[in-house]
Amino acid sequence: MPNQVTNVEELMSTLASMREAQREFAKFTQEQIDQLFYKAAMKINNLRIPLAKMAVEETGMGLVEDKIIKNHYASEIVYNKYRDAKTCGVLEEDHAAGVVRVAEPIGVIGAVIPTTNPTSTACFKILMAIKTRNAIMISAHPRAKNCTNEVAKIIREVIEAEGAPKGLIGWIDAPSLELTNAVMAESDIILATGGPGMVKAAYSSGTPAIGVGAGNTPVVIHKTANIEMAVNSVLLSKSFDYGVICASEQALIVDQSIYAAVKAELKKRNALLLNKDQLQKVRDILLVNGALNAKIVGQPAWKIAELAGFEIEKDVKVLVGEVTDTSFDEPFAHEKLSVVLAMYKSKSHEQAIEMARDLVEQGGLGHTSVIYADEIAQNDAIMAMAAEMRTTTFLVNQPASHGAIGDLFNFEIMPSLTLGCGSWGNNSVSENVGAKHLINIKTITKRRENMLWFTVPRQTFHKFGCLKHALPELKVEGKKKAFIVTDQILFDLGFTKSVTDELDKLGIAYTVFTEVNPDPLISDVMKGKAAMDAFGPDVILAVGGGSPMDAAKIMWVLHEYPETNFEDLAARFMDIRKRVHKFPRLRQKATMVCIPTTAGTGSEVTPFAVITDDATGVKYPIADYELTPDMAIVDPALMLTMPKSVCAASGIDVLTHAMESLVSTVATEYTIPLSIEAAKLVFDYLPESYHGGAEAIVAKERMANASCIAGMAFANGFLGICHSMAHKIGAKFHIPHGIANAMLMNEVIRYNATDEPFRQGTFSQYHAPKAIERYAKFADYMGLAGKTEMEKVEALIAKINELKVELSVPMSIQEYGISEADFVGVVEQLAEEAFDDQCTGANPRYPLISDLKQIYLNAFYGEEKRVQI
């Protein structure tokens with residue numbers, strides 16, 4: 001532990017020790033630094049939920065779920081951007097010019113952390129200090145000292161365990177203005193994030209400082225704007241963490257020709273347009289003695305209304321005040337750090353620019369400004385506004401909070417939680433904090449959508465009897481040794497014999513591993529990995545349902561890379577291409593062939609595997625495109641004797657894959673047709689497959705196709721909260737995965753398809769809510785009745801219920817046999833775990849933990865008996 005820092009004398013002693021440690025740290029190599037950087041990011045990534053809870057509990061500001069996302073961003077996205085950045089030794093060498101540029105650390109960083117973003121900002125600054133071989137002294141806000149200092153303690157412990165000099169990271173135990181001033185005076189450089197007074201003090205300290213200015217972000221909505229995207233983007237950003245991000249929108253300036261349409265869209269998306277009485281009441285509480293009222297910062301809209309003296313619905317996202325005065329005589333014209341938003345009407349684009357300029361000049365110089373307009377047709381109008389805005393960040397068609405911090409809506413902008421405002425904002429850096437400190441750079445970013453993908457096995461064989469035609473491909477490829485993964489029941493029933501008989505004909509040696517549980521365990525994987533190591537295969541054949549295929553995929557990874565840590569493989573990610581843990585490149589020793597014996601998981605064509613922790617019972621969904629099999633052999637002849645219970649559970653799982661991938665935020669024109677066709681095949685052929693048994697040859701073949709097609713859809717379009725929640729109740733109560741999905745599916749569809757305003761999922765390609773439209777499109781494809789989209793959704797749910805009855809699937813979790821006491825006792829924990837499940841991120845509606853709890857309760861009691869929390 002570091003020295004206790006409660007007074008100036010103790011601070012000086014600690015800083016002296018930190019300088020000594022930093023001098024040793026400066027000798028570290030890039031490889032050593034990058035390992036420490038990785039370990040620190042992984043640790044915070046794994047602890048993002050408890051740190052978020054701690055921050056909200058201590059400060060009383062913001063929303064836990066959004067702070068989880070910010071902690072995730074501060075670890076994963078920041079790590080991804082800087083992971084390969086060279087910060088040690090020679091950076092650039094030009095032999096012809098005789099120029100060598102060498103990186104040297106500065107020394108001790110004094111880091112002032114705000115109360116609004118205590119854990120995420122602390123994480124960002126400490127990670128940057130590690131990456132640049134600097135020591136860092138944290139000065140937290142008194143109201144956030146415990147959660148801020150906890151981040152410092154966690155990272156310090158991690159890097160010291162990895163060999164970093166002891167004492168590189170320090171913190172103030174009893175924050176005070178005196179100690180903060182002392183830190184700023186005694187450090188080598190200051191990273192100051194906070195109010196204007198704190199930043200001014202940093203620049204007045206005599207120490208080089210990088211500070212950030214106040215934001216007062218104006219948003220011009222041009223007459224050519226996509227109104228739906230503009231309003232959804234504004235509300236996504238403004239309501240995020242209840243508006244505490246300094247870049248968040250403060251005022252809308254709307255062209256008069258679309259003013260009514262924008263108001264209508266705001267109301268539709270659950271923003272409250274204040275009436276005259278409410279407007280004055282909110283105006284009266286925004287400022288206290290000319291300064292922002294701290295009581296409104298980071299609070300939900302209903303609490304602000306309550307403080308102002310009136311009541312509103314708790315689902316209101318943002319309070320919008322229609323005003324005309326852009327001077328600081330108007331409280332709505334100030335930075336509000338809350339879900340309060342000003343709204344102005346402009347007669348022309350020229351007037352809109354003038355109003356935006358007034359707002360920036362009075363309170364947001366150097367920070368952020370935004371325009372929504374037709375990017376191609378109105379480039380001149382966009383550039384006209386950009387030229388007038390004295391802001392270093394100018395966003396085009398992007399939510400301000402998400403766009404300004406970088407690497408989310410434009411991937412060339414460096415991710416940062418310290419946003420420089422240049423000389424306009426009395427700052428020394430004119431961009432997201434980086435290496436350039438001496439010039440102002442105006443950054444104009446236009447919304448850009450990331451590359452998409454479609455990845456499937458290089459070969460997928462299908463039709464009855466295709467097994468004997470597909471396996472000879474292994475001989476063509478020169479394979480000599482096959483490791484077969486299955487389970488004991490399938491082996492005893494002779495399912496692997498059809499495979500081994502063909503391998504015998506081909507002269508390919510093989511061994512069979514059968515120790516895979518129905519929910520494959522980590523211990524199963526480790527046993528299989530040991531057997532695989534001993535046998536040394538050049539091809540792995542997984543034969544069975546999802547369990548053998550999932551287990552085989554992870555055995556494959558550990559066989560090729562024995563040093564791989566399972567927890568790293570299971571690390572959650574926001575973007576599969578930006579994850580903190582980089583999956584190893586497979587196929588160095590063996591290729592993967594999957595041969596399904598059930599029509600359900602689609603695992604034969606997906607990059608996913610689900611493994612259960614023996615000790616905790618927790619299911620880990622693991623995903624990476626390296627896990628995509630090389631070959632899939634979908635032979636319905638292997639599925640004829642499926643038990644009815646397996647046929648029902650796996651068939652419903654196929655339907656869930658199709659329904660969730662259909663409405664996912666990541667769904668594309670490549671995946672949506674697959675989702676729709678797979679779902680229709682289920683409705684058309686699952687009942688016959690279920691009742692007809694081995695005689696239902698056509699139905700079995702169609703269901704095999706449905707499973708594989710749905711697998712291709714969700715392999716590339718991902719899933720949603722139905723799977724997130726099914727993973728958790730399945731693990732807790734040992735419910736078959738497909739049945740768990742079935743009992744949750746209706747409630748999830750209703751949750752996603754509501755015509756009420758809600759928080760949409762975040763993905764750059766996903767402009768506005770599309771779930772209800774896509775469900776209705778599928779209902780039309782099925783020929784279901786309904787005039788409105790909601791009627792079509794209800795018709796779809798009714799059709800799903802008919803299928804459940806046909807398959808004897810329980811209609812509720814309670815009907816399945818789980819007691820009320822057992823379920824209610826763990827539902828809070830299940831909801832939290834489901835929120836953090838890998839599948840949640842692609843859900844079209846961004847859930848709160850309380851939403852997931854309500855869905856669980858609805859699914860438990862069934863449609864006839866609902867309990868509102």
# chains A, B, ... in the order shown; residues from 1 in each chain; ligands from 1

call {"tool": "closest_atom_pairs", "arguments": {"of": "region 651-677 of chain A", "to": "region 698-718 of chain A", "cutoff": "6 Å", "atoms": "only C-alpha atoms", "output": "JSON lines"}}
result
{"residue": "A:Val654", "atom": "CA", "partner": "A:Ser707", "partner_atom": "CA", "distance": 5.4}
{"residue": "A:His657", "atom": "CA", "partner": "A:Ala710", "partner_atom": "CA", "distance": 5.9}
{"residue": "A:Ala658", "atom": "CA", "partner": "A:Ala710", "partner_atom": "CA", "distance": 5.3}
{"residue": "A:Ser661", "atom": "CA", "partner": "A:Phe714", "partner_atom": "CA", "distance": 5.0}
{"residue": "A:Val666", "atom": "CA", "partner": "A:Gly717", "partner_atom": "CA", "distance": 5.0}
{"residue": "A:Ala667", "atom": "CA", "partner": "A:Gly717", "partner_atom": "CA", "distance": 4.4}
{"residue": "A:Thr671", "atom": "CA", "partner": "A:Ala713", "partner_atom": "CA", "distance": 4.8}
{"residue": "A:Leu674", "atom": "CA", "partner": "A:Ala713", "partner_atom": "CA", "distance": 5.7}
{"residue": "A:Ser675", "atom": "CA", "partner": "A:Ala710", "partner_atom": "CA", "distance": 5.7}

call {"tool": "select_by_dssp", "arguments": {"residues": "region 290-438 of chain A", "states": "helix (DSSP H, G or I)", "output": "PyMOL selection string"}}
result
chain A and resi 294-296+301-308+331-333+349-363+379-388+400-405+423-425

call {"tool": "write_last_selection", "arguments": {"atoms": "C-alpha atoms", "output": "PDB file, in the first residue's frame"}}
result
ATOM      1  CA  ALA A 294     -25.335  21.003  -8.362  1.00  0.00           C
ATOM      2  CA  LYS A 295     -28.584  19.319  -7.301  1.00  0.00           C
ATOM      3  CA  ILE A 296     -29.692  18.768 -10.915  1.00  0.00           C
ATOM      4  CA  ALA A 301     -35.737  14.053 -15.543  1.00  0.00           C
ATOM      5  CA  TRP A 302     -38.413  13.216 -12.977  1.00  0.00           C
ATOM      6  CA  LYS A 303     -36.134  14.184 -10.087  1.00  0.00           C
ATOM      7  CA  ILE A 304     -35.340  17.539 -11.696  1.00  0.00           C
ATOM      8  CA  ALA A 305     -39.048  18.132 -12.209  1.00  0.00           C
ATOM      9  CA  GLU A 306     -39.693  17.201  -8.590  1.00  0.00           C
ATOM     10  CA  LEU A 307     -37.021  19.686  -7.493  1.00  0.00           C
ATOM     11  CA  ALA A 308     -38.729  22.322  -9.659  1.00  0.00           C
ATOM     12  CA  PRO A 331     -30.619  30.067 -17.633  1.00  0.00           C
ATOM     13  CA  PHE A 332     -31.418  27.581 -20.415  1.00  0.00           C
ATOM     14  CA  ALA A 333     -28.514  29.050 -22.441  1.00  0.00           C
ATOM     15  CA  HIS A 349     -29.356  28.669 -41.620  1.00  0.00           C
ATOM     16  CA  GLU A 350     -27.470  31.925 -41.232  1.00  0.00           C
ATOM     17  CA  GLN A 351     -29.461  32.777 -38.110  1.00  0.00           C
ATOM     18  CA  ALA A 352     -28.947  29.245 -36.755  1.00  0.00           C
ATOM     19  CA  ILE A 353     -25.176  29.664 -37.108  1.00  0.00           C
ATOM     20  CA  GLU A 354     -25.357  33.041 -35.370  1.00  0.00           C
ATOM     21  CA  MET A 355     -27.313  31.582 -32.457  1.00  0.00           C
ATOM     22  CA  ALA A 356     -24.919  28.623 -32.158  1.00  0.00           C
ATOM     23  CA  ARG A 357     -21.964  30.999 -32.223  1.00  0.00           C
ATOM     24  CA  ASP A 358     -23.502  33.105 -29.427  1.00  0.00           C
ATOM     25  CA  LEU A 359     -23.958  30.056 -27.212  1.00  0.00           C
ATOM     26  CA  VAL A 360     -20.384  28.885 -27.827  1.00  0.00           C
ATOM     27  CA  GLU A 361     -18.847  32.319 -27.302  1.00  0.00           C
ATOM     28  CA  GLN A 362     -20.577  32.779 -23.961  1.00  0.00           C
ATOM     29  CA  GLY A 363     -19.936  29.411 -22.377  1.00  0.00           C
ATOM     30  CA  ASN A 379     -21.641  20.388 -47.712  1.00  0.00           C
ATOM     31  CA  ASP A 380     -21.452  24.158 -48.196  1.00  0.00           C
ATOM     32  CA  ALA A 381     -23.908  24.764 -45.350  1.00  0.00           C
ATOM     33  CA  ILE A 382     -21.980  22.368 -43.112  1.00  0.00           C
ATOM     34  CA  MET A 383     -18.662  24.034 -43.867  1.00  0.00           C
ATOM     35  CA  ALA A 384     -20.183  27.484 -43.376  1.00  0.00           C
ATOM     36  CA  MET A 385     -21.124  26.562 -39.817  1.00  0.00           C
ATOM     37  CA  ALA A 386     -17.785  24.828 -39.200  1.00  0.00           C
ATOM     38  CA  ALA A 387     -15.952  27.982 -40.207  1.00  0.00           C
ATOM     39  CA  GLU A 388     -17.880  30.071 -37.659  1.00  0.00           C
ATOM     40  CA  ALA A 400     -22.397  14.697 -29.230  1.00  0.00           C
ATOM     41  CA  SER A 401     -21.397  12.669 -26.138  1.00  0.00           C
ATOM     42  CA  HIS A 402     -20.512   9.567 -28.125  1.00  0.00           C
ATOM     43  CA  GLY A 403     -19.077  11.399 -31.119  1.00  0.00           C
ATOM     44  CA  ALA A 404     -16.817  13.759 -29.191  1.00  0.00           C
ATOM     45  CA  ILE A 405     -15.091  11.105 -27.075  1.00  0.00           C
ATOM     46  CA  SER A 423      -6.632  28.288 -26.869  1.00  0.00           C
ATOM     47  CA  TRP A 424     -10.309  29.147 -27.454  1.00  0.00           C
ATOM     48  CA  GLY A 425     -11.126  27.349 -24.221  1.00  0.00           C
TER      49      GLY A 425
END

call {"tool": "closest_residue", "arguments": {"among": "A:Ile33, A:Val219, A:Ala679, A:Ile126", "to": "Pro165 (chain A)", "atoms": "only C-alpha atoms"}}
result
A:Ile33

call {"tool": "atom_distance", "arguments": {"atom1": "CA of Lys238 (chain A)", "atom2": "CA of Val297 (chain A)"}}
result
12.4 Å

call {"tool": "atom_distance", "arguments": {"atom1": "CA of Thr121 (chain A)", "atom2": "CA of Leu252 (chain A)"}}
result
27.4 Å

call {"tool": "closest_residue", "arguments": {"among": "A:Cys839, A:Val8, A:Leu744, A:Ile138", "to": "Gly730 (chain A)", "atoms": "only C-alpha atoms"}}
result
A:Leu744

call {"tool": "closest_residue", "arguments": {"among": "A:Thr392, A:Ser812, A:Gln32, A:Asn45", "to": "Asp836 (chain A)", "atoms": "only C-alpha atoms"}}
result
A:Asn45

call {"tool": "residues_around", "arguments": {"residues": "Glu9 (chain A)", "least_positions_apart": "5", "cutoff": "12 Å", "atoms": "only C-alpha atoms", "output": "PyMOL selection string"}}
result
chain A and resi 3-4+14-16+178-179+182-183

call {"tool": "atom_distance", "arguments": {"atom1": "CA of Ile697 (chain A)", "atom2": "CA of Asn801 (chain A)"}}
result
25.1 Å

call {"tool": "select_by_dssp", "arguments": {"residues": "region 376-414 of chain A", "states": "strand (DSSP E or B)", "output": "PyMOL selection string"}}
result
chain A and resi 391-396
